[in-house]
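*Asks:* mmCIF, C-alpha atoms, saved as model15.cif, coming up:
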```cif
data_model
#
loop_
_atom_site.label_atom_id
_atom_site.label_comp_id
_atom_site.auth_asym_id
_atom_site.auth_seq_id
_atom_site.Cartn_x
_atom_site.Cartn_y
_atom_site.Cartn_z
CA MET S 190 -1.25 17.32 18.03
CA MET S 191 -1.30 14.21 20.21
CA PHE S 192 -0.64 10.93 18.42
CA SER S 193 -0.64 7.34 19.60
CA LEU S 194 2.79 5.70 19.69
CA ALA S 195 2.09 3.85 16.43
CA ARG S 196 0.91 7.05 14.71
CA GLN S 197 3.91 8.99 16.01
CA ASN S 198 6.26 6.28 14.75
CA PHE S 199 4.57 6.40 11.35
CA TYR S 200 4.77 10.19 11.23
CA ASN S 201 8.46 10.22 12.17
CA GLU S 202 9.23 7.64 9.48
CA ILE S 203 7.44 9.39 6.63
CA LYS S 204 9.00 12.77 7.48
CA LYS S 205 12.44 11.44 6.58
CA ASN S 206 13.98 12.07 3.18
CA GLU S 207 12.58 9.74 0.51
CA ALA S 208 15.75 7.65 0.32
CA GLU S 209 15.80 7.17 4.10
CA ILE S 210 12.18 6.04 4.57
CA ASP S 211 12.03 2.38 5.55
CA LEU S 212 8.92 1.00 3.84
CA ALA S 213 8.77 -2.10 6.00
CA LYS S 214 8.90 -0.06 9.21
CA ALA S 215 6.26 2.37 7.98
CA ALA S 216 3.99 -0.53 6.94
CA LEU S 217 4.44 -2.15 10.34
CA TYR S 218 3.53 1.14 12.05
CA ILE S 219 0.31 1.10 10.00
CA ALA S 220 -0.38 -2.39 11.33
CA GLN S 221 0.55 -1.34 14.86
CA GLU S 222 -2.62 0.75 15.06
CA GLU S 223 -4.60 -2.45 14.47
CA TYR S 224 -2.44 -4.58 16.79
CA ASP S 225 -1.33 -2.77 19.93
CA PHE S 226 0.97 -5.64 20.89
CA LEU S 227 2.85 -5.68 17.58
CA GLU S 228 6.64 -5.42 17.86
CA PRO S 229 7.99 -4.17 14.52
CA ASP S 230 11.51 -5.42 15.22
CA VAL S 231 10.25 -9.00 15.31
CA TYR S 232 8.92 -8.75 11.75
CA LEU S 233 11.92 -6.84 10.49
CA GLY S 234 13.88 -9.80 11.84
CA VAL S 235 11.69 -12.17 9.82
CA LEU S 236 12.58 -10.27 6.65
CA ASP S 237 16.26 -10.36 7.65
CA THR S 238 16.08 -14.12 8.16
CA ILE S 239 14.41 -14.73 4.80
CA ALA S 240 17.08 -12.65 3.08
CA ALA S 241 19.89 -14.42 4.94
CA GLU S 242 18.54 -17.82 3.87
CA LEU S 243 18.30 -16.62 0.28
CA LYS S 244 21.78 -15.13 0.26
CA GLU S 245 23.18 -18.61 0.85
CA ARG S 246 21.50 -19.77 -2.38
CA LEU S 247 22.67 -17.00 -4.66
CA PRO S 248 25.43 -17.71 -7.21
CA ASP S 249 28.57 -15.61 -7.40
CA ARG S 250 27.44 -14.13 -10.72
CA GLN S 251 24.09 -12.58 -9.94
CA TYR S 252 22.29 -12.29 -13.27
CA PRO S 253 18.85 -10.64 -12.73
CA LEU S 254 16.77 -13.53 -14.10
CA LYS S 255 18.74 -16.03 -12.03
CA VAL S 256 18.27 -14.01 -8.84
CA ILE S 257 14.53 -13.65 -9.53
CA LYS S 258 14.21 -17.39 -10.10
CA ILE S 259 15.91 -18.16 -6.78
CA ILE S 260 13.81 -15.60 -4.87
CA ASN S 261 10.63 -17.00 -6.44
CA GLN S 262 11.49 -20.56 -5.56
CA TYR S 263 12.22 -19.72 -1.93
CA LEU S 264 9.30 -17.35 -1.31
CA TYR S 265 6.59 -19.22 -3.18
CA GLU S 266 7.66 -22.88 -3.24
CA ASP S 267 9.61 -23.25 -0.01
CA LEU S 268 7.88 -20.71 2.23
CA GLY S 269 4.48 -20.89 0.55
CA PHE S 270 3.70 -17.20 0.05
CA ARG S 271 0.70 -16.75 -2.23
CA GLY S 272 -2.00 -14.31 -3.26
CA ASN S 273 -5.20 -14.53 -1.25
CA LYS S 274 -7.61 -14.95 -4.15
CA GLY S 275 -10.24 -16.58 -1.95
CA ASP S 276 -10.65 -13.63 0.45
CA TYR S 277 -9.01 -10.72 -1.34
CA TYR S 278 -10.65 -8.05 0.84
CA ASP S 279 -9.63 -9.47 4.20
CA PRO S 280 -7.87 -6.52 5.89
CA ARG S 281 -5.16 -8.87 7.12
CA ASN S 282 -3.91 -9.02 3.52
CA SER S 283 -2.77 -5.41 3.93
CA PHE S 284 -0.99 -5.68 7.29
CA LEU S 285 2.65 -6.67 6.85
CA ASN S 286 2.81 -8.68 10.08
CA ASP S 287 -0.20 -10.76 9.00
CA VAL S 288 1.24 -11.26 5.52
CA LEU S 289 4.48 -12.58 7.02
CA ASP S 290 2.64 -14.77 9.55
CA ARG S 291 0.00 -16.17 7.21
CA ARG S 292 2.04 -15.96 3.98
CA LEU S 293 -1.04 -14.57 2.28
CA GLY S 294 -1.45 -11.16 0.73
CA ILE S 295 -2.61 -8.93 -2.07
CA PRO S 296 -0.42 -7.53 -4.88
CA ILE S 297 0.95 -4.54 -2.98
CA SER S 298 1.67 -6.35 0.29
CA LEU S 299 3.36 -9.31 -1.43
CA SER S 300 5.30 -6.79 -3.53
CA LEU S 301 6.45 -5.15 -0.30
CA VAL S 302 7.77 -8.47 1.02
CA TYR S 303 9.56 -9.07 -2.28
CA LEU S 304 11.04 -5.55 -2.38
CA GLU S 305 12.26 -5.73 1.21
CA VAL S 306 13.88 -9.13 0.73
CA ALA S 307 15.50 -7.98 -2.53
CA LYS S 308 16.80 -4.84 -0.82
CA ARG S 309 18.53 -6.99 1.78
CA LEU S 310 20.15 -8.95 -1.04
CA ASP S 311 21.51 -5.77 -2.64
CA PHE S 312 19.21 -6.44 -5.59
CA PRO S 313 17.31 -3.13 -5.76
CA MET S 314 13.74 -3.14 -7.03
CA VAL S 315 10.97 -0.56 -7.35
CA GLY S 316 7.19 -0.61 -7.10
CA ILE S 317 5.01 0.00 -10.15
CA GLY S 318 1.50 1.19 -9.36
CA MET S 319 -0.47 0.24 -12.44
CA PRO S 320 -4.19 1.08 -12.36
CA GLY S 321 -5.93 -1.75 -10.54
CA HIS S 322 -2.82 -3.88 -10.04
CA PHE S 323 0.59 -3.58 -8.42
CA ILE S 324 3.81 -5.03 -9.80
CA ILE S 325 7.55 -4.51 -9.29
CA ARG S 326 10.67 -4.46 -11.42
CA PRO S 327 14.44 -4.59 -10.93
CA GLU S 328 15.95 -1.13 -10.66
CA PHE S 329 18.28 -1.47 -13.62
CA GLU S 330 18.28 0.60 -16.78
CA ASN S 331 16.40 -0.95 -19.71
CA VAL S 332 15.87 -4.25 -17.92
CA GLY S 333 12.51 -4.58 -19.68
CA ILE S 334 10.93 -7.05 -17.26
CA PHE S 335 8.38 -6.79 -14.45
CA ILE S 336 7.40 -9.19 -11.69
CA ASP S 337 3.91 -10.01 -10.43
CA ALA S 338 4.39 -10.85 -6.75
CA PHE S 339 0.70 -11.81 -6.50
CA ASP S 340 1.14 -14.45 -9.20
CA GLN S 341 4.03 -16.45 -7.74
CA GLY S 342 6.60 -13.93 -8.98
CA SER S 343 5.76 -14.46 -12.65
CA ILE S 344 7.87 -12.45 -15.10
CA LEU S 345 6.00 -9.96 -17.25
CA PHE S 346 6.79 -7.89 -20.31
CA GLU S 347 4.96 -4.74 -21.42
CA GLN S 348 2.44 -6.72 -23.49
CA ASP S 349 1.64 -8.83 -20.43
CA CYS S 350 0.99 -5.65 -18.45
CA GLN S 351 -1.40 -4.44 -21.13
CA ASP S 352 -3.17 -7.81 -21.09
CA ILE S 353 -3.60 -7.57 -17.31
CA LEU S 354 -5.22 -4.15 -17.64
CA ALA S 355 -7.51 -5.33 -20.43
CA LYS S 356 -8.62 -8.25 -18.26
CA LEU S 357 -9.18 -6.03 -15.22
CA TYR S 358 -11.24 -3.47 -17.13
CA GLN S 359 -12.79 -6.00 -19.53
CA GLN S 360 -11.97 -3.88 -22.54
CA SER S 361 -9.00 -2.89 -24.66
CA VAL S 362 -6.72 -0.56 -22.71
CA VAL S 363 -3.83 1.49 -24.10
CA LEU S 364 -0.81 1.04 -21.85
CA GLN S 365 0.28 4.60 -21.03
CA PRO S 366 4.00 5.12 -20.24
CA GLU S 367 3.11 6.57 -16.83
CA PHE S 368 1.40 3.28 -15.85
CA LEU S 369 4.83 1.63 -15.64
CA GLN S 370 6.69 4.40 -13.84
CA PRO S 371 8.07 3.70 -10.33
CA ILE S 372 6.10 5.25 -7.51
CA SER S 373 7.47 7.08 -4.48
CA LYS S 374 7.47 5.62 -1.00
CA HIS S 375 4.73 8.06 0.03
CA GLN S 376 2.61 6.86 -2.89
CA PHE S 377 3.32 3.25 -1.94
CA LEU S 378 2.14 3.77 1.64
CA SER S 379 -0.85 5.81 0.51
CA ARG S 380 -1.93 2.94 -1.74
CA ILE S 381 -1.77 0.50 1.19
CA LEU S 382 -3.89 2.87 3.28
CA THR S 383 -6.35 3.52 0.45
CA ASN S 384 -6.92 -0.23 0.11
CA LEU S 385 -7.62 -0.42 3.84
CA LYS S 386 -9.89 2.61 3.70
CA PHE S 387 -12.20 1.00 1.16
CA ILE S 388 -12.17 -2.32 2.99
CA PHE S 389 -13.25 -0.59 6.20
CA LEU S 390 -15.88 1.45 4.34
CA ASN S 391 -17.38 -1.71 2.85
CA ARG S 392 -17.46 -3.24 6.32
CA GLN S 393 -18.99 -0.03 7.72
CA GLN S 394 -16.10 0.26 10.17
CA PHE S 395 -16.17 4.02 9.91
CA SER S 396 -13.84 4.83 12.79
CA LYS S 397 -11.14 2.64 11.25
CA ALA S 398 -11.74 4.24 7.85
CA ILE S 399 -11.24 7.66 9.45
CA ALA S 400 -7.97 6.48 10.98
CA THR S 401 -6.70 5.42 7.55
CA ILE S 402 -7.67 8.79 6.09
CA ASP S 403 -5.81 10.56 8.90
CA ARG S 404 -2.63 8.80 7.83
CA ILE S 405 -3.23 9.39 4.11
CA LEU S 406 -3.43 13.09 4.96
CA LEU S 407 -0.14 12.89 6.85
CA LEU S 408 1.36 11.61 3.60
CA SER S 409 -0.50 14.05 1.35
CA PRO S 410 -2.01 17.00 3.28
CA GLU S 411 -3.57 18.55 0.18
CA SER S 412 -5.67 15.50 -0.72
CA TYR S 413 -8.90 17.43 -0.17
CA GLY S 414 -11.04 14.57 -1.44
CA GLU S 415 -9.84 12.66 1.63
CA VAL S 416 -10.79 15.61 3.84
CA ARG S 417 -14.29 15.49 2.30
CA ASP S 418 -14.56 11.73 2.83
CA ARG S 419 -13.51 12.07 6.45
CA GLY S 420 -16.10 14.79 6.95
CA LEU S 421 -18.83 12.57 5.51
CA LEU S 422 -17.76 9.75 7.80
CA TYR S 423 -17.91 12.06 10.80
CA TYR S 424 -21.42 12.96 9.63
CA GLN S 425 -22.34 9.26 9.61
CA LEU S 426 -21.05 8.97 13.17
CA ASN S 427 -22.99 12.10 14.29
CA GLU S 428 -19.71 13.88 15.03
CA TRP S 429 -21.14 17.01 13.51
CA ALA S 430 -18.58 19.55 14.73
CA LEU S 431 -15.77 17.53 13.16
CA ALA S 432 -17.86 16.93 10.04
CA VAL S 433 -18.50 20.65 9.59
CA GLN S 434 -14.83 21.43 10.06
CA ASP S 435 -13.76 18.99 7.34
CA LEU S 436 -16.52 19.78 4.87
CA GLU S 437 -15.96 23.51 5.19
CA GLU S 438 -12.24 22.98 4.60
CA TYR S 439 -13.07 20.94 1.49
CA LEU S 440 -15.32 23.66 0.02
CA ARG S 441 -12.84 26.36 0.94
CA ASN S 442 -10.09 24.62 -1.03
CA VAL S 443 -12.16 23.11 -3.86
CA PRO S 444 -15.04 25.61 -4.24
CA ASN S 445 -15.89 24.49 -7.79
CA ALA S 446 -15.93 20.77 -7.03
CA PRO S 447 -18.66 18.81 -8.89
CA ASP S 448 -20.16 17.78 -5.55
CA ALA S 449 -19.97 21.24 -3.96
CA LEU S 450 -23.75 21.71 -3.88
CA MET S 451 -24.29 18.32 -2.25
CA ILE S 452 -21.63 19.04 0.39
CA GLN S 453 -23.18 22.45 1.06
CA GLU S 454 -26.51 20.71 1.62
CA PHE S 455 -24.92 18.44 4.24
CA LEU S 456 -23.53 21.54 5.95
CA ASN S 457 -26.94 23.25 5.89
CA GLN S 458 -28.55 20.19 7.48
CA MET S 459 -26.03 20.12 10.29
CA ARG S 460 -26.46 23.80 10.99
#
```
Write the structure described by the file as structure tokens, please.

*Replies:*
Amino acid sequence: MMFSLARQNFYNEIKKNEAEIDLAKAALYIAQEEYDFLEPDVYLGVLDTIAAELKERLPDRQYPLKVIKIINQYLYEDLGFRGNKGDYYDPRNSFLNDVLDRRLGIPISLSLVYLEVAKRLDFPMVGIGMPGHFIIRPEFENVGIFIDAFDQGSILFEQDCQDILAKLYQQSVVLQPEFLQPISKHQFLSRILTNLKFIFLNRQQFSKAIATIDRILLLSPESYGEVRDRGLLYYQLNEWALAVQDLEEYLRNVPNAPDALMIQEFLNQMR
């Protein structure tokens, strides 16, 4: 299979062992498909510089809350990083190079900046993929606190997380234990790509949506719902041979899917 340089770089990165995957590099390879000229090393250097500046400010005794306070002050007050509440669905909010250039992002991309800076400070953190919102927490046993990188690094407790979900869904929500479990690096990257997929779908940029699905399937080859979605997008673009291939694969693997009859109808039309 022939890949572009950016796609090949992404593929090589995600095929490493989980502990060896560099999230920042993988995110920059996602952006590299949007920006041919992008040089990942430049933006990795930006993260290195931010961390180096912060390291000078850290006390000898690095208590978690103290470290978080210093990171927050530098990222949000000094550098001006903030959540893009005015244009949340701008695709630039999901590309790490744009987030570092513009200092604007959405929860997962600002969390990525925070995680990568903290990693360089030897202050390990993990991503928490709550439904509808993304937060992070220090990777220490029983630390009991979470951080909302979209909200200026505000510190959250479990009740705060439940309140966020209730506000998002506009109803009382029971906070399930799995909502606060760390996610894998593959899941992290898939969430970035899924955000981009829906942005491109809403903008009817179907070719770009297909490219995001291609990469989701590199991360999770058995996500047959993505295979179906790609097939339907090929149908929209009149790429019927590719559409048939994907939709047949979907039905072959999920024959009892609730939408199986509808998908079969699409296949009948194309034949």

*Asks:* I'd like the interatomic distance between CA of Arg404 in chain S and CA of Arg271 in chain S, to a tenth of an Å.

*Replies:* 27.7 Å

*Asks:* On this structure, the PyMOL selection byres ((chain S and resi 324) around 8) would catch which residues? List them as a list in words, sorted by chain and number.

*Replies:*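 Going through the file, the PyMOL selection byres ((chain S and resi 324) around 8) ends up selecting Pro296, Ile297, Ser300, Gly316, Ile317, Gly318, Met319, His322, Phe323, Ile325, Arg326, Phe335, Ile336, Asp337 and Ala338 of chain S.
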
*Asks:* Kindly indicate which residue among S:Met191, S:Leu217, S:Val302, S:Ile452 lies nearest to Asn261 in chain S, using only C-alpha atoms for the distances.

*Replies:* S:Val302

*Asks:* Write out as a PyMOL selection string the residues lying within 12 Å of Lys258 in chain S, counting all atoms listed in the file and excluding same-chain residues fewer than 2 positions away.

*Replies:* chain S and resi 243+246-248+251-256+260-266+336+341-344

*Asks:* List the spatial neighbours of Glu222 in chain S as a list in words - criterion: any atom at most 9 Å away, only C-alpha atoms, same-chain residues fewer than 2 positions off excluded.

*Replies:*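 The residues that qualify are Ser193, Leu194, Ala195, Arg196, Leu217, Tyr218, Ile219, Ala220, Tyr224, Asp225, Leu227 and Ala400 of chain S.
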
*Asks:* Rounded to one decimal in Å, what is the spacing between CA of Glu454 in chain S and CA of Gln393 in chain S?

*Replies:*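 Taking CA of Glu454 in chain S and CA of Gln393 in chain S, their separation equals 22.9 Å.
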
*Asks:* For the file shown, report as a ChimeraX atom specification the outcome of the PyMOL selection byres ((chain S and resi 233) around 12) at residue level.

*Replies:* /S:211-218,227-232,234-240,285-286,289,302,305-306,309

*Asks:* Give the answer as one residue: which of S:Ala208, S:Leu421, S:Ala307, S:Val288 has the shortest atom-to-atom distance to Gln453 in chain S, using only C-alpha atoms?

*Replies:* S:Leu421

*Asks:* Which residue gives the smallest distance to Asn384 in chain S among S:Ser412, S:Ser298, S:Asn201, S:Gln351, with all atoms listed in the file counted?

*Replies:*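 With all atoms listed in the file as the atom set, the closest residue is S:Ser298.
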
*Asks:* Find the residues around Leu299 in chain S up to 9 Å (only C-alpha atoms counted), leave out those fewer than 4 positions away in its own chain, and share them as a ChimeraX atom specification.

*Replies:* /S:270-272,282,285,288,292-295,303-304,338-339

*Asks:* Taking the file as shown, what set of residues would the PyMOL selection byres ((chain S and resi 426) around 12) give back, as a PyMOL selection string?

*Replies:* chain S and resi 393-399+419-425+427-432

*Asks:* Interatomic distance between CA of Pro444 in chain S and CA of Glu415 in chain S?

*Replies:*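 Going from CA of Pro444 in chain S over to CA of Glu415 in chain S, I get 15.1 Å.
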
*Asks:* Could you write range 310-333 of chain S of the block just shown to a file containing N, CA, C and O atoms, as an mmCIF file, in the first residue's frame?

*Replies:*
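result33.cif written:
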```cif
data_model
loop_
_atom_site.group_PDB
_atom_site.id
_atom_site.type_symbol
_atom_site.label_atom_id
_atom_site.label_comp_id
_atom_site.auth_asym_id
_atom_site.auth_seq_id
_atom_site.Cartn_x
_atom_site.Cartn_y
_atom_site.Cartn_z
ATOM 1 N N LEU S 310 8.746 17.698 31.815
ATOM 2 C CA LEU S 310 9.106 18.123 33.171
ATOM 3 C C LEU S 310 9.205 16.935 34.130
ATOM 4 O O LEU S 310 9.345 17.131 35.339
ATOM 5 N N ASP S 311 9.119 15.728 33.583
ATOM 6 C CA ASP S 311 9.105 14.520 34.414
ATOM 7 C C ASP S 311 7.963 14.550 35.426
ATOM 8 O O ASP S 311 8.101 14.123 36.573
ATOM 9 N N PHE S 312 6.826 15.086 34.960
ATOM 10 C CA PHE S 312 5.608 15.144 35.771
ATOM 11 C C PHE S 312 4.529 14.406 34.977
ATOM 12 O O PHE S 312 3.709 15.014 34.289
ATOM 13 N N PRO S 313 4.539 13.070 35.015
ATOM 14 C CA PRO S 313 3.691 12.285 34.115
ATOM 15 C C PRO S 313 2.198 12.511 34.353
ATOM 16 O O PRO S 313 1.737 12.585 35.488
ATOM 17 N N MET S 314 1.472 12.616 33.232
ATOM 18 C CA MET S 314 0.030 12.799 33.278
ATOM 19 C C MET S 314 -0.608 11.887 32.246
ATOM 20 O O MET S 314 0.067 11.387 31.334
ATOM 21 N N VAL S 315 -1.907 11.658 32.379
ATOM 22 C CA VAL S 315 -2.635 10.790 31.458
ATOM 23 C C VAL S 315 -3.902 11.499 30.986
ATOM 24 O O VAL S 315 -4.438 12.370 31.665
ATOM 25 N N GLY S 316 -4.388 11.084 29.818
ATOM 26 C CA GLY S 316 -5.620 11.630 29.273
ATOM 27 C C GLY S 316 -6.830 10.847 29.741
ATOM 28 O O GLY S 316 -6.792 9.622 29.858
ATOM 29 N N ILE S 317 -7.908 11.572 30.012
ATOM 30 C CA ILE S 317 -9.167 10.976 30.477
ATOM 31 C C ILE S 317 -10.253 11.354 29.465
ATOM 32 O O ILE S 317 -10.634 12.526 29.362
ATOM 33 N N GLY S 318 -10.749 10.369 28.737
ATOM 34 C CA GLY S 318 -11.723 10.646 27.690
ATOM 35 C C GLY S 318 -13.151 10.520 28.172
ATOM 36 O O GLY S 318 -13.862 9.567 27.816
ATOM 37 N N MET S 319 -13.595 11.468 28.967
ATOM 38 C CA MET S 319 -14.999 11.453 29.402
ATOM 39 C C MET S 319 -15.913 11.607 28.183
ATOM 40 O O MET S 319 -15.503 12.169 27.162
ATOM 41 N N PRO S 320 -17.152 11.133 28.267
ATOM 42 C CA PRO S 320 -18.097 11.382 27.174
ATOM 43 C C PRO S 320 -18.299 12.886 26.978
ATOM 44 O O PRO S 320 -18.648 13.602 27.915
ATOM 45 N N GLY S 321 -18.036 13.362 25.789
ATOM 46 C CA GLY S 321 -18.311 14.756 25.463
ATOM 47 C C GLY S 321 -17.295 15.761 25.946
ATOM 48 O O GLY S 321 -17.398 16.952 25.632
ATOM 49 N N HIS S 322 -16.298 15.334 26.704
ATOM 50 C CA HIS S 322 -15.295 16.287 27.205
ATOM 51 C C HIS S 322 -14.013 15.519 27.477
ATOM 52 O O HIS S 322 -14.039 14.316 27.755
ATOM 53 N N PHE S 323 -12.900 16.228 27.394
ATOM 54 C CA PHE S 323 -11.598 15.583 27.609
ATOM 55 C C PHE S 323 -10.850 16.324 28.700
ATOM 56 O O PHE S 323 -10.751 17.557 28.677
ATOM 57 N N ILE S 324 -10.347 15.561 29.667
ATOM 58 C CA ILE S 324 -9.585 16.131 30.771
ATOM 59 C C ILE S 324 -8.315 15.310 30.965
ATOM 60 O O ILE S 324 -8.095 14.313 30.264
ATOM 61 N N ILE S 325 -7.480 15.701 31.909
ATOM 62 C CA ILE S 325 -6.249 14.980 32.198
ATOM 63 C C ILE S 325 -6.084 14.877 33.715
ATOM 64 O O ILE S 325 -6.784 15.564 34.466
ATOM 65 N N ARG S 326 -5.156 14.039 34.134
ATOM 66 C CA ARG S 326 -4.848 13.970 35.563
ATOM 67 C C ARG S 326 -3.396 13.546 35.749
ATOM 68 O O ARG S 326 -2.822 12.872 34.888
ATOM 69 N N PRO S 327 -2.794 13.926 36.869
ATOM 70 C CA PRO S 327 -1.444 13.437 37.178
ATOM 71 C C PRO S 327 -1.459 11.918 37.312
ATOM 72 O O PRO S 327 -2.432 11.339 37.797
ATOM 73 N N GLU S 328 -0.382 11.295 36.883
ATOM 74 C CA GLU S 328 -0.312 9.833 36.907
ATOM 75 C C GLU S 328 0.286 9.347 38.230
ATOM 76 O O GLU S 328 1.343 8.720 38.266
ATOM 77 N N PHE S 329 -0.408 9.682 39.308
ATOM 78 C CA PHE S 329 0.002 9.232 40.627
ATOM 79 C C PHE S 329 -1.161 8.499 41.262
ATOM 80 O O PHE S 329 -2.328 8.849 41.041
ATOM 81 N N GLU S 330 -0.860 7.486 42.051
ATOM 82 C CA GLU S 330 -1.912 6.712 42.702
ATOM 83 C C GLU S 330 -2.731 7.597 43.649
ATOM 84 O O GLU S 330 -2.184 8.366 44.436
ATOM 85 N N ASN S 331 -4.056 7.462 43.540
ATOM 86 C CA ASN S 331 -4.984 8.115 44.483
ATOM 87 C C ASN S 331 -4.792 9.622 44.576
ATOM 88 O O ASN S 331 -5.027 10.223 45.627
ATOM 89 N N VAL S 332 -4.370 10.252 43.475
ATOM 90 C CA VAL S 332 -4.168 11.695 43.544
ATOM 91 C C VAL S 332 -5.507 12.425 43.680
ATOM 92 O O VAL S 332 -5.597 13.471 44.311
ATOM 93 N N GLY S 333 -6.555 11.879 43.069
ATOM 94 C CA GLY S 333 -7.906 12.390 43.300
ATOM 95 C C GLY S 333 -8.259 13.696 42.622
ATOM 96 O O GLY S 333 -9.321 14.260 42.890
#
```
